[in-house]
file entry.csv (CSV, N, CA and C atoms and all ligand atoms)
chain,number,residue,atom,x,y,z
A,146,MET,N,45.1,-80.8,-85.8
A,146,MET,CA,45.5,-80.6,-87.2
A,146,MET,C,45.1,-79.1,-87.5
A,147,THR,N,46.0,-78.4,-88.1
A,147,THR,CA,45.7,-77.0,-88.6
A,147,THR,C,44.8,-77.1,-89.8
A,148,ARG,N,44.2,-76.0,-90.2
A,148,ARG,CA,43.4,-75.9,-91.4
A,148,ARG,C,44.2,-76.2,-92.6
A,149,LYS,N,45.5,-75.7,-92.6
A,149,LYS,CA,46.4,-75.9,-93.7
A,149,LYS,C,46.7,-77.4,-93.9
A,150,GLU,N,46.9,-78.1,-92.8
A,150,GLU,CA,47.2,-79.5,-92.9
A,150,GLU,C,46.0,-80.3,-93.4
A,151,SER,N,44.8,-79.9,-92.9
A,151,SER,CA,43.6,-80.5,-93.3
A,151,SER,C,43.4,-80.3,-94.8
A,152,LEU,N,43.6,-79.1,-95.3
A,152,LEU,CA,43.5,-78.9,-96.7
A,152,LEU,C,44.4,-79.7,-97.6
A,153,ALA,N,45.7,-79.9,-97.0
A,153,ALA,CA,46.7,-80.7,-97.7
A,153,ALA,C,46.2,-82.1,-97.8
A,154,LYS,N,45.6,-82.6,-96.8
A,154,LYS,CA,45.1,-83.9,-96.7
A,154,LYS,C,43.9,-84.1,-97.8
A,155,LEU,N,43.1,-83.1,-97.9
A,155,LEU,CA,42.0,-83.1,-98.9
A,155,LEU,C,42.6,-83.2,-100.3
A,156,ARG,N,43.8,-82.6,-100.5
A,156,ARG,CA,44.4,-82.7,-101.8
A,156,ARG,C,44.6,-84.1,-102.2
A,157,ASP,N,45.1,-84.9,-101.2
A,157,ASP,CA,45.4,-86.3,-101.5
A,157,ASP,C,44.1,-87.1,-101.8
A,158,VAL,N,43.0,-86.7,-101.0
A,158,VAL,CA,41.7,-87.3,-101.3
A,158,VAL,C,41.3,-87.0,-102.7
A,159,LEU,N,41.4,-85.8,-103.1
A,159,LEU,CA,41.0,-85.4,-104.4
A,159,LEU,C,41.8,-86.1,-105.5
A,160,LEU,N,43.1,-86.2,-105.3
A,160,LEU,CA,44.0,-86.8,-106.3
A,160,LEU,C,43.6,-88.3,-106.5
A,161,LEU,N,43.3,-89.0,-105.3
A,161,LEU,CA,42.9,-90.4,-105.4
A,161,LEU,C,41.6,-90.6,-106.0
A,162,ARG,N,40.7,-89.7,-105.7
A,162,ARG,CA,39.4,-89.7,-106.2
A,162,ARG,C,39.4,-89.5,-107.8
A,163,ARG,N,40.3,-88.5,-108.2
A,163,ARG,CA,40.4,-88.3,-109.6
A,163,ARG,C,40.9,-89.5,-110.4
A,164,GLU,N,41.9,-90.2,-109.7
A,164,GLU,CA,42.4,-91.4,-110.3
A,164,GLU,C,41.3,-92.5,-110.5
A,165,ALA,N,40.5,-92.6,-109.4
A,165,ALA,CA,39.4,-93.6,-109.4
A,165,ALA,C,38.4,-93.3,-110.5
A,166,LEU,N,38.0,-92.0,-110.6
A,166,LEU,CA,37.0,-91.6,-111.6
A,166,LEU,C,37.5,-91.9,-113.0
A,167,ARG,N,38.8,-91.5,-113.2
A,167,ARG,CA,39.4,-91.7,-114.5
A,167,ARG,C,39.3,-93.2,-114.9
A,168,LYS,N,39.7,-94.1,-114.0
A,168,LYS,CA,39.7,-95.5,-114.2
A,168,LYS,C,38.2,-95.9,-114.5
A,169,ALA,N,37.3,-95.4,-113.7
A,169,ALA,CA,35.9,-95.8,-113.8
A,169,ALA,C,35.4,-95.5,-115.2
A,170,LEU,N,35.8,-94.3,-115.6
A,170,LEU,CA,35.3,-93.8,-117.0
A,170,LEU,C,35.9,-94.7,-118.1
A,171,ALA,N,37.1,-95.3,-117.8
A,171,ALA,CA,37.7,-96.2,-118.7
A,171,ALA,C,37.2,-97.6,-118.6
A,172,GLY,N,36.2,-97.8,-117.7
A,172,GLY,CA,35.6,-99.1,-117.6
A,172,GLY,C,36.1,-99.9,-116.4
A,173,ASP,N,37.0,-99.4,-115.6
A,173,ASP,CA,37.5,-100.1,-114.4
A,173,ASP,C,36.9,-99.5,-113.2
A,174,LEU,N,36.0,-100.2,-112.6
A,174,LEU,CA,35.3,-99.6,-111.4
A,174,LEU,C,35.9,-100.0,-110.1
A,175,SER,N,37.0,-100.8,-110.1
A,175,SER,CA,37.5,-101.4,-108.9
A,175,SER,C,38.0,-100.4,-107.9
A,176,LEU,N,38.7,-99.4,-108.3
A,176,LEU,CA,39.3,-98.4,-107.4
A,176,LEU,C,38.2,-97.5,-106.8
A,177,LEU,N,37.2,-97.2,-107.7
A,177,LEU,CA,36.1,-96.4,-107.2
A,177,LEU,C,35.3,-97.1,-106.2
A,178,GLN,N,35.2,-98.4,-106.4
A,178,GLN,CA,34.5,-99.2,-105.4
A,178,GLN,C,35.2,-99.3,-104.1
A,179,GLN,N,36.5,-99.4,-104.1
A,179,GLN,CA,37.3,-99.4,-102.9
A,179,GLN,C,37.1,-98.1,-102.1
A,180,LEU,N,37.0,-97.0,-102.9
A,180,LEU,CA,36.9,-95.7,-102.2
A,180,LEU,C,35.5,-95.4,-101.7
A,181,SER,N,34.5,-96.0,-102.1
A,181,SER,CA,33.1,-95.7,-101.7
A,181,SER,C,33.0,-96.0,-100.2
A,182,MET,N,32.6,-95.0,-99.5
A,182,MET,CA,32.5,-95.2,-98.1
A,182,MET,C,31.2,-95.7,-97.6
A,183,ASP,N,30.1,-95.4,-98.4
A,183,ASP,CA,28.8,-95.7,-98.0
A,183,ASP,C,28.3,-97.0,-98.7
A,184,GLY,N,29.2,-97.8,-99.2
A,184,GLY,CA,28.7,-99.0,-99.9
A,184,GLY,C,28.6,-98.8,-101.4
A,185,GLY,N,28.8,-97.5,-101.8
A,185,GLY,CA,28.8,-97.2,-103.2
A,185,GLY,C,27.6,-97.6,-104.0
A,186,ASP,N,26.5,-96.9,-103.7
A,186,ASP,CA,25.2,-97.1,-104.3
A,186,ASP,C,25.3,-96.9,-105.8
A,187,VAL,N,26.0,-95.9,-106.3
A,187,VAL,CA,26.1,-95.6,-107.7
A,187,VAL,C,26.8,-96.7,-108.4
A,188,VAL,N,27.9,-97.2,-107.8
A,188,VAL,CA,28.7,-98.2,-108.4
A,188,VAL,C,27.9,-99.5,-108.4
A,189,ASP,N,27.2,-99.8,-107.4
A,189,ASP,CA,26.4,-101.0,-107.3
A,189,ASP,C,25.4,-101.1,-108.5
A,190,ILE,N,24.8,-99.9,-108.7
A,190,ILE,CA,23.8,-99.8,-109.8
A,190,ILE,C,24.5,-100.2,-111.1
A,191,ALA,N,25.7,-99.7,-111.3
A,191,ALA,CA,26.4,-100.0,-112.5
A,191,ALA,C,26.8,-101.5,-112.6
A,192,MET,N,27.1,-102.1,-111.5
A,192,MET,CA,27.5,-103.4,-111.4
A,192,MET,C,26.4,-104.4,-111.6
A,193,ASP,N,25.2,-104.0,-111.1
A,193,ASP,CA,24.1,-104.9,-111.1
A,193,ASP,C,23.3,-104.9,-112.3
A,194,THR,N,23.5,-103.9,-113.2
A,194,THR,CA,22.7,-103.9,-114.4
A,194,THR,C,23.6,-103.8,-115.6
A,195,ALA,N,23.0,-104.3,-116.7
A,195,ALA,CA,23.7,-104.3,-117.9
A,195,ALA,C,23.2,-103.2,-118.8
A,196,GLN,N,22.2,-102.4,-118.3
A,196,GLN,CA,21.6,-101.4,-119.1
A,196,GLN,C,22.5,-100.3,-119.5
A,197,ASP,N,22.6,-100.1,-120.8
A,197,ASP,CA,23.5,-99.0,-121.3
A,197,ASP,C,23.1,-97.7,-120.7
A,198,GLU,N,21.8,-97.5,-120.6
A,198,GLU,CA,21.3,-96.2,-120.2
A,198,GLU,C,21.8,-95.8,-118.8
A,199,ILE,N,21.8,-96.8,-117.9
A,199,ILE,CA,22.3,-96.5,-116.6
A,199,ILE,C,23.8,-96.3,-116.6
A,200,SER,N,24.5,-97.0,-117.3
A,200,SER,CA,25.9,-96.9,-117.4
A,200,SER,C,26.3,-95.5,-117.9
A,201,SER,N,25.5,-95.0,-118.9
A,201,SER,CA,25.9,-93.7,-119.5
A,201,SER,C,25.5,-92.6,-118.5
A,202,GLN,N,24.4,-92.8,-117.7
A,202,GLN,CA,24.1,-91.9,-116.7
A,202,GLN,C,25.2,-91.8,-115.6
A,203,LEU,N,25.7,-93.0,-115.3
A,203,LEU,CA,26.8,-93.0,-114.3
A,203,LEU,C,28.0,-92.3,-114.9
A,204,ALA,N,28.3,-92.5,-116.1
A,204,ALA,CA,29.4,-91.8,-116.7
A,204,ALA,C,29.3,-90.3,-116.7
A,205,GLN,N,28.0,-89.9,-116.9
A,205,GLN,CA,27.8,-88.4,-116.8
A,205,GLN,C,28.1,-87.9,-115.4
A,206,VAL,N,27.6,-88.6,-114.4
A,206,VAL,CA,27.9,-88.2,-113.0
A,206,VAL,C,29.4,-88.1,-112.8
A,207,GLU,N,30.0,-89.2,-113.2
A,207,GLU,CA,31.5,-89.3,-113.0
A,207,GLU,C,32.2,-88.2,-113.7
A,208,SER,N,31.9,-87.9,-115.0
A,208,SER,CA,32.7,-86.9,-115.7
A,208,SER,C,32.4,-85.5,-115.1
A,209,ARG,N,31.2,-85.3,-114.6
A,209,ARG,CA,30.9,-84.0,-114.0
A,209,ARG,C,31.7,-83.9,-112.7
A,210,GLU,N,31.7,-85.0,-111.9
A,210,GLU,CA,32.5,-84.9,-110.7
A,210,GLU,C,34.0,-84.7,-111.0
A,211,LEU,N,34.5,-85.4,-112.0
A,211,LEU,CA,35.9,-85.2,-112.5
A,211,LEU,C,36.1,-83.8,-112.8
A,212,GLY,N,35.2,-83.1,-113.4
A,212,GLY,CA,35.4,-81.7,-113.7
A,212,GLY,C,35.5,-80.8,-112.5
A,213,HIS,N,34.6,-81.2,-111.5
A,213,HIS,CA,34.6,-80.4,-110.2
A,213,HIS,C,36.0,-80.6,-109.5
A,214,ILE,N,36.5,-81.9,-109.6
A,214,ILE,CA,37.8,-82.2,-108.9
A,214,ILE,C,38.9,-81.5,-109.6
A,215,GLU,N,39.0,-81.5,-110.9
A,215,GLU,CA,40.0,-80.7,-111.6
A,215,GLU,C,40.0,-79.2,-111.2
A,216,GLU,N,38.8,-78.7,-111.1
A,216,GLU,CA,38.6,-77.3,-110.7
A,216,GLU,C,39.2,-77.1,-109.3
A,217,ALA,N,38.9,-78.0,-108.4
A,217,ALA,CA,39.3,-77.9,-107.0
A,217,ALA,C,40.9,-77.9,-107.0
A,218,LEU,N,41.5,-78.8,-107.8
A,218,LEU,CA,42.9,-78.9,-107.8
A,218,LEU,C,43.6,-77.7,-108.4
A,219,GLU,N,42.9,-77.1,-109.4
A,219,GLU,CA,43.4,-75.9,-110.0
A,219,GLU,C,43.3,-74.7,-108.9
A,220,ARG,N,42.3,-74.7,-108.2
A,220,ARG,CA,42.1,-73.7,-107.1
A,220,ARG,C,43.2,-73.9,-106.0
A,221,MET,N,43.6,-75.1,-105.7
A,221,MET,CA,44.7,-75.4,-104.8
A,221,MET,C,46.0,-74.8,-105.3
A,222,LYS,N,46.2,-75.0,-106.6
A,222,LYS,CA,47.5,-74.4,-107.2
A,222,LYS,C,47.5,-72.9,-107.0
A,223,GLU,N,46.3,-72.3,-107.2
A,223,GLU,CA,46.3,-70.8,-107.2
A,223,GLU,C,46.1,-70.3,-105.7
A,224,GLY,N,46.0,-71.2,-104.8
A,224,GLY,CA,45.9,-70.8,-103.4
A,224,GLY,C,44.5,-70.3,-103.0
A,225,ARG,N,43.5,-70.6,-103.9
A,225,ARG,CA,42.1,-70.1,-103.6
A,225,ARG,C,41.3,-71.2,-103.0
A,226,TYR,N,41.8,-72.4,-102.9
A,226,TYR,CA,41.0,-73.6,-102.4
A,226,TYR,C,40.6,-73.4,-101.0
A,227,GLY,N,39.3,-73.7,-100.7
A,227,GLY,CA,38.8,-73.6,-99.3
A,227,GLY,C,38.2,-72.3,-99.0
A,228,ASP,N,38.3,-71.4,-99.9
A,228,ASP,CA,37.6,-70.1,-99.7
A,228,ASP,C,36.3,-70.1,-100.6
A,229,CYS,N,35.3,-69.5,-100.1
A,229,CYS,CA,34.0,-69.4,-100.8
A,229,CYS,C,34.2,-68.5,-102.0
A,230,ASP,N,33.7,-69.0,-103.1
A,230,ASP,CA,33.7,-68.2,-104.4
A,230,ASP,C,32.9,-66.9,-104.3
A,231,VAL,N,31.9,-67.0,-103.5
A,231,VAL,CA,30.9,-65.9,-103.5
A,231,VAL,C,31.3,-64.8,-102.4
A,232,CYS,N,31.4,-65.3,-101.2
A,232,CYS,CA,31.6,-64.3,-100.1
A,232,CYS,C,33.1,-64.2,-99.6
A,233,ASP,N,34.0,-65.1,-100.2
A,233,ASP,CA,35.4,-65.1,-99.9
A,233,ASP,C,35.8,-65.5,-98.5
A,234,LYS,N,34.8,-66.0,-97.7
A,234,LYS,CA,35.1,-66.5,-96.4
A,234,LYS,C,35.6,-67.9,-96.5
A,235,PRO,N,36.3,-68.4,-95.5
A,235,PRO,CA,36.8,-69.8,-95.6
A,235,PRO,C,35.6,-70.7,-95.5
A,236,ILE,N,35.5,-71.7,-96.3
A,236,ILE,CA,34.5,-72.7,-96.3
A,236,ILE,C,34.8,-73.7,-95.1
A,237,PRO,N,33.8,-73.9,-94.2
A,237,PRO,CA,34.0,-74.8,-93.0
A,237,PRO,C,34.6,-76.1,-93.4
A,238,LEU,N,35.6,-76.6,-92.7
A,238,LEU,CA,36.3,-77.9,-93.0
A,238,LEU,C,35.3,-79.0,-93.1
A,239,ALA,N,34.3,-79.1,-92.2
A,239,ALA,CA,33.3,-80.2,-92.3
A,239,ALA,C,32.7,-80.3,-93.7
A,240,ARG,N,32.4,-79.1,-94.2
A,240,ARG,CA,31.8,-79.1,-95.6
A,240,ARG,C,32.8,-79.6,-96.6
A,241,LEU,N,34.0,-79.2,-96.5
A,241,LEU,CA,35.0,-79.6,-97.5
A,241,LEU,C,35.3,-81.1,-97.4
A,242,GLN,N,35.2,-81.6,-96.1
A,242,GLN,CA,35.5,-83.0,-95.9
A,242,GLN,C,34.3,-83.8,-96.5
A,243,ALA,N,33.1,-83.3,-96.5
A,243,ALA,CA,32.0,-84.0,-97.1
A,243,ALA,C,32.0,-83.8,-98.6
A,244,VAL,N,32.3,-82.6,-99.1
A,244,VAL,CA,32.3,-82.3,-100.5
A,244,VAL,C,33.6,-81.6,-100.8
A,245,PRO,N,34.7,-82.3,-101.0
A,245,PRO,CA,36.0,-81.7,-101.2
A,245,PRO,C,36.2,-80.7,-102.3
A,246,TYR,N,35.3,-80.8,-103.3
A,246,TYR,CA,35.4,-79.8,-104.4
A,246,TYR,C,34.3,-78.7,-104.3
A,247,ALA,N,33.8,-78.5,-103.1
A,247,ALA,CA,32.8,-77.4,-102.9
A,247,ALA,C,33.5,-76.0,-103.2
A,248,THR,N,32.9,-75.2,-103.9
A,248,THR,CA,33.5,-73.9,-104.1
A,248,THR,C,32.7,-72.7,-103.4
A,249,ALA,N,31.7,-73.1,-102.7
A,249,ALA,CA,31.0,-72.1,-101.9
A,249,ALA,C,30.6,-72.6,-100.6
A,250,CYS,N,30.5,-71.7,-99.6
A,250,CYS,CA,30.0,-72.1,-98.3
A,250,CYS,C,28.5,-72.5,-98.4
A,251,ILE,N,28.0,-73.1,-97.3
A,251,ILE,CA,26.6,-73.6,-97.4
A,251,ILE,C,25.7,-72.5,-97.7
A,252,ALA,N,25.8,-71.4,-97.0
A,252,ALA,CA,24.9,-70.2,-97.1
A,252,ALA,C,24.9,-69.8,-98.6
A,253,CYS,N,26.1,-69.6,-99.2
A,253,CYS,CA,26.1,-69.1,-100.6
A,253,CYS,C,25.6,-70.2,-101.6
A,254,ALA,N,25.9,-71.5,-101.3
A,254,ALA,CA,25.5,-72.5,-102.2
A,254,ALA,C,24.0,-72.6,-102.2
A,255,ARG,N,23.4,-72.4,-101.0
A,255,ARG,CA,21.9,-72.3,-100.9
A,255,ARG,C,21.3,-71.2,-101.7
A,256,GLN,N,22.0,-70.0,-101.6
A,256,GLN,CA,21.6,-68.8,-102.3
A,256,GLN,C,21.7,-69.1,-103.8
A,257,LYS,N,22.7,-69.8,-104.3
A,257,LYS,CA,22.9,-70.1,-105.7
A,257,LYS,C,21.8,-71.0,-106.2
A,258,GLU,N,21.4,-72.0,-105.3
A,258,GLU,CA,20.4,-73.0,-105.7
A,258,GLU,C,19.1,-72.4,-106.0
A,259,LYS,N,18.8,-71.2,-105.4
A,259,LYS,CA,17.5,-70.6,-105.6
A,259,LYS,C,17.5,-70.0,-107.0
A,260,ILE,N,18.7,-69.7,-107.6
A,260,ILE,CA,18.7,-69.1,-108.9
A,260,ILE,C,18.6,-70.2,-110.0
A,261,VAL,N,19.4,-71.3,-109.8
A,261,VAL,CA,19.4,-72.3,-110.9
A,261,VAL,C,18.1,-73.1,-110.9
A,262,PRO,N,17.8,-73.6,-112.1
A,262,PRO,CA,16.5,-74.4,-112.2
A,262,PRO,C,16.5,-75.6,-111.2
A,263,ARG,N,15.3,-75.9,-110.8
A,263,ARG,CA,15.2,-76.9,-109.7
A,263,ARG,C,15.8,-78.3,-110.1
A,264,PHE,N,15.6,-78.7,-111.4
A,264,PHE,CA,16.1,-80.0,-111.8
A,264,PHE,C,17.6,-80.0,-111.7
A,265,ASN,N,18.3,-79.0,-112.1
A,265,ASN,CA,19.8,-79.0,-112.0
A,265,ASN,C,20.3,-79.1,-110.6
A,266,SER,N,19.6,-78.4,-109.7
A,266,SER,CA,20.1,-78.4,-108.3
A,266,SER,C,19.9,-79.8,-107.7
A,267,PHE,N,18.8,-80.4,-108.1
A,267,PHE,CA,18.6,-81.8,-107.7
A,267,PHE,C,19.7,-82.7,-108.2
A,268,VAL,N,20.0,-82.6,-109.4
A,268,VAL,CA,21.1,-83.5,-110.0
A,268,VAL,C,22.4,-83.2,-109.3
A,269,ASP,N,22.7,-82.0,-109.1
A,269,ASP,CA,24.0,-81.7,-108.4
A,269,ASP,C,24.1,-82.2,-107.0
A,270,ASP,N,23.0,-82.1,-106.3
A,270,ASP,CA,22.9,-82.6,-104.9
A,270,ASP,C,23.2,-84.1,-104.9
A,271,SER,N,22.5,-84.8,-105.8
A,271,SER,CA,22.7,-86.3,-105.8
A,271,SER,C,24.1,-86.7,-106.2
A,272,ALA,N,24.7,-85.9,-107.0
A,272,ALA,CA,26.1,-86.1,-107.4
A,272,ALA,C,27.1,-85.9,-106.3
A,273,GLU,N,26.7,-84.9,-105.5
A,273,GLU,CA,27.6,-84.6,-104.3
A,273,GLU,C,27.5,-85.6,-103.2
A,274,HIS,N,26.4,-86.2,-103.0
A,274,HIS,CA,26.2,-87.1,-101.9
A,274,HIS,C,26.3,-88.5,-102.2
A,275,SER,N,26.1,-88.9,-103.4
A,275,SER,CA,25.9,-90.4,-103.7
A,275,SER,C,27.1,-91.2,-103.5
A,276,THR,N,28.3,-90.7,-103.8
A,276,THR,CA,29.5,-91.5,-103.8
A,276,THR,C,30.5,-91.1,-102.7
A,277,TRP,N,30.3,-90.0,-102.0
A,277,TRP,CA,31.2,-89.5,-101.0
A,277,TRP,C,30.9,-90.2,-99.7
A,301,ZN,ZN,30.0,-67.9,-99.0
call {"tool": "encode", "arguments": {"input": "entry.csv", "output": "structure tokens", "more": "lines below"}}
Ligand SMILES: [Zn+2]
result
Amino acid sequence: MTRKESLAKLRDVLLLRREALRKALAGDLSLLQQLSMDGGDVVDIAMDTAQDEISSQLAQVESRELGHIEEALERMKEGRYGDCDVCDKPIPLARLQAVPYATACIACARQKEKIVPRFNSFVDDSAEHSTW
């Protein structure tokens, strides 16, 4: 598969993921659960507890991810998708497959993490890895 074909495939992944997140935010977790590849720890937490606090935390993670996905789709439209925001080099496919809305290569993302407060980078990391 060429890089171009792989990126086109990731667009489908992003569109489906966006749909699932929109449904989840509207209270329907079924599609998000289907998409969860690792057993869906975040979804399970939401299903297993009736605590409003956890639900609202979940909603925060989901709406932030939704924002990332919208941004990635916008970048695809503009033809910038898959290139690092910082150094302009192509982001490795393996990284995009793990985090389809990544906007920086690993080296630059690490560089950015050093600048942002520690708490924020922790939250972003867990959002990136928990449901993909
Ligand atoms: Zn970079």
call {"tool": "residues_near_ligand", "arguments": {"input": "entry.csv", "ligand": "ligand ZN 301 (chain A)", "cutoff": "8 Å", "atoms": "only N, CA and C atoms and all ligand atoms", "output": "list in words"}}
result
Asp228, Cys229, Asp230, Val231, Cys232, Asp233, Lys234, Pro235, Ile236, Thr248, Ala249, Cys250, Ile251, Ala252, Cys253 and Ala254 of chain A
call {"tool": "write_last_selection", "arguments": {"input": "entry.csv", "atoms": "N, CA and C atoms", "output": "PDB file, keeping the file's coordinate frame"}}
result
ATOM      1  N   ASP A 228      38.300 -71.400 -99.900  1.00  0.00           N
ATOM      2  CA  ASP A 228      37.600 -70.100 -99.700  1.00  0.00           C
ATOM      3  C   ASP A 228      36.300 -70.100-100.600  1.00  0.00           C
ATOM      4  N   CYS A 229      35.300 -69.500-100.100  1.00  0.00           N
ATOM      5  CA  CYS A 229      34.000 -69.400-100.800  1.00  0.00           C
ATOM      6  C   CYS A 229      34.200 -68.500-102.000  1.00  0.00           C
ATOM      7  N   ASP A 230      33.700 -69.000-103.100  1.00  0.00           N
ATOM      8  CA  ASP A 230      33.700 -68.200-104.400  1.00  0.00           C
ATOM      9  C   ASP A 230      32.900 -66.900-104.300  1.00  0.00           C
ATOM     10  N   VAL A 231      31.900 -67.000-103.500  1.00  0.00           N
ATOM     11  CA  VAL A 231      30.900 -65.900-103.500  1.00  0.00           C
ATOM     12  C   VAL A 231      31.300 -64.800-102.400  1.00  0.00           C
ATOM     13  N   CYS A 232      31.400 -65.300-101.200  1.00  0.00           N
ATOM     14  CA  CYS A 232      31.600 -64.300-100.100  1.00  0.00           C
ATOM     15  C   CYS A 232      33.100 -64.200 -99.600  1.00  0.00           C
ATOM     16  N   ASP A 233      34.000 -65.100-100.200  1.00  0.00           N
ATOM     17  CA  ASP A 233      35.400 -65.100 -99.900  1.00  0.00           C
ATOM     18  C   ASP A 233      35.800 -65.500 -98.500  1.00  0.00           C
ATOM     19  N   LYS A 234      34.800 -66.000 -97.700  1.00  0.00           N
ATOM     20  CA  LYS A 234      35.100 -66.500 -96.400  1.00  0.00           C
ATOM     21  C   LYS A 234      35.600 -67.900 -96.500  1.00  0.00           C
ATOM     22  N   PRO A 235      36.300 -68.400 -95.500  1.00  0.00           N
ATOM     23  CA  PRO A 235      36.800 -69.800 -95.600  1.00  0.00           C
ATOM     24  C   PRO A 235      35.600 -70.700 -95.500  1.00  0.00           C
ATOM     25  N   ILE A 236      35.500 -71.700 -96.300  1.00  0.00           N
ATOM     26  CA  ILE A 236      34.500 -72.700 -96.300  1.00  0.00           C
ATOM     27  C   ILE A 236      34.800 -73.700 -95.100  1.00  0.00           C
ATOM     28  N   THR A 248      32.900 -75.200-103.900  1.00  0.00           N
ATOM     29  CA  THR A 248      33.500 -73.900-104.100  1.00  0.00           C
ATOM     30  C   THR A 248      32.700 -72.700-103.400  1.00  0.00           C
ATOM     31  N   ALA A 249      31.700 -73.100-102.700  1.00  0.00           N
ATOM     32  CA  ALA A 249      31.000 -72.100-101.900  1.00  0.00           C
ATOM     33  C   ALA A 249      30.600 -72.600-100.600  1.00  0.00           C
ATOM     34  N   CYS A 250      30.500 -71.700 -99.600  1.00  0.00           N
ATOM     35  CA  CYS A 250      30.000 -72.100 -98.300  1.00  0.00           C
ATOM     36  C   CYS A 250      28.500 -72.500 -98.400  1.00  0.00           C
ATOM     37  N   ILE A 251      28.000 -73.100 -97.300  1.00  0.00           N
ATOM     38  CA  ILE A 251      26.600 -73.600 -97.400  1.00  0.00           C
ATOM     39  C   ILE A 251      25.700 -72.500 -97.700  1.00  0.00           C
ATOM     40  N   ALA A 252      25.800 -71.400 -97.000  1.00  0.00           N
ATOM     41  CA  ALA A 252      24.900 -70.200 -97.100  1.00  0.00           C
ATOM     42  C   ALA A 252      24.900 -69.800 -98.600  1.00  0.00           C
ATOM     43  N   CYS A 253      26.100 -69.600 -99.200  1.00  0.00           N
ATOM     44  CA  CYS A 253      26.100 -69.100-100.600  1.00  0.00           C
ATOM     45  C   CYS A 253      25.600 -70.200-101.600  1.00  0.00           C
ATOM     46  N   ALA A 254      25.900 -71.500-101.300  1.00  0.00           N
ATOM     47  CA  ALA A 254      25.500 -72.500-102.200  1.00  0.00           C
ATOM     48  C   ALA A 254      24.000 -72.600-102.200  1.00  0.00           C
TER      49      ALA A 254
END
call {"tool": "closest_residue", "arguments": {"input": "entry.csv", "among": "A:Gln179, A:Glu258, A:Arg156, A:Pro245", "to": "His213 in chain A", "atoms": "only N, CA and C atoms"}}
result
A:Pro245
call {"tool": "atom_distance", "arguments": {"input": "entry.csv", "atom1": "atom C of Leu170 in chain A", "atom2": "atom N of Glu210 in chain A"}}
result
12.3 Å
call {"tool": "atom_distance", "arguments": {"input": "entry.csv", "atom1": "CA of Val158 in chain A", "atom2": "CA of Lys222 in chain A"}}
result
15.3 Å
call {"tool": "closest_residue", "arguments": {"input": "entry.csv", "among": "A:Ser208, A:Leu174, A:Met146, A:Leu152", "to": "Arg225 in chain A", "atoms": "only C-alpha atoms"}}
result
A:Leu152
call {"tool": "closest_residue", "arguments": {"input": "entry.csv", "among": "A:Lys168, A:Arg148, A:Arg255, A:Arg220", "to": "Leu238 in chain A", "atoms": "all atoms listed in the file"}}
result
A:Arg148
call {"tool": "atom_distance", "arguments": {"input": "entry.csv", "atom1": "CA of Leu176 in chain A", "atom2": "CA of Glu216 in chain A"}}
result
21.4 Å
call {"tool": "closest_residue", "arguments": {"input": "entry.csv", "among": "A:Ala243, A:Ile214, A:Lys149, A:Ser200", "to": "Arg162 in chain A", "atoms": "all atoms listed in the file"}}
result
A:Ile214
call {"tool": "residues_near_point", "arguments": {"input": "entry.csv", "point": "(39.5, -97.3, -108.2)", "cutoff": "10 Å", "atoms": "only C-alpha atoms", "output": "list of chain:residue names"}}
result
A:Leu161, A:Arg162, A:Arg163, A:Glu164, A:Ala165, A:Leu166, A:Arg167, A:Lys168, A:Ala169, A:Asp173, A:Leu174, A:Ser175, A:Leu176, A:Leu177, A:Gln178, A:Gln179, A:Leu180, A:Ser181
call {"tool": "select_by_dssp", "arguments": {"input": "entry.csv", "residues": "range 147-259 of chain A", "states": "alpha helix (DSSP H)", "output": "VMD selection string"}}
result
chain A and resid 148 to 170 175 to 180 186 to 193 197 to 223 238 to 243 251 to 259
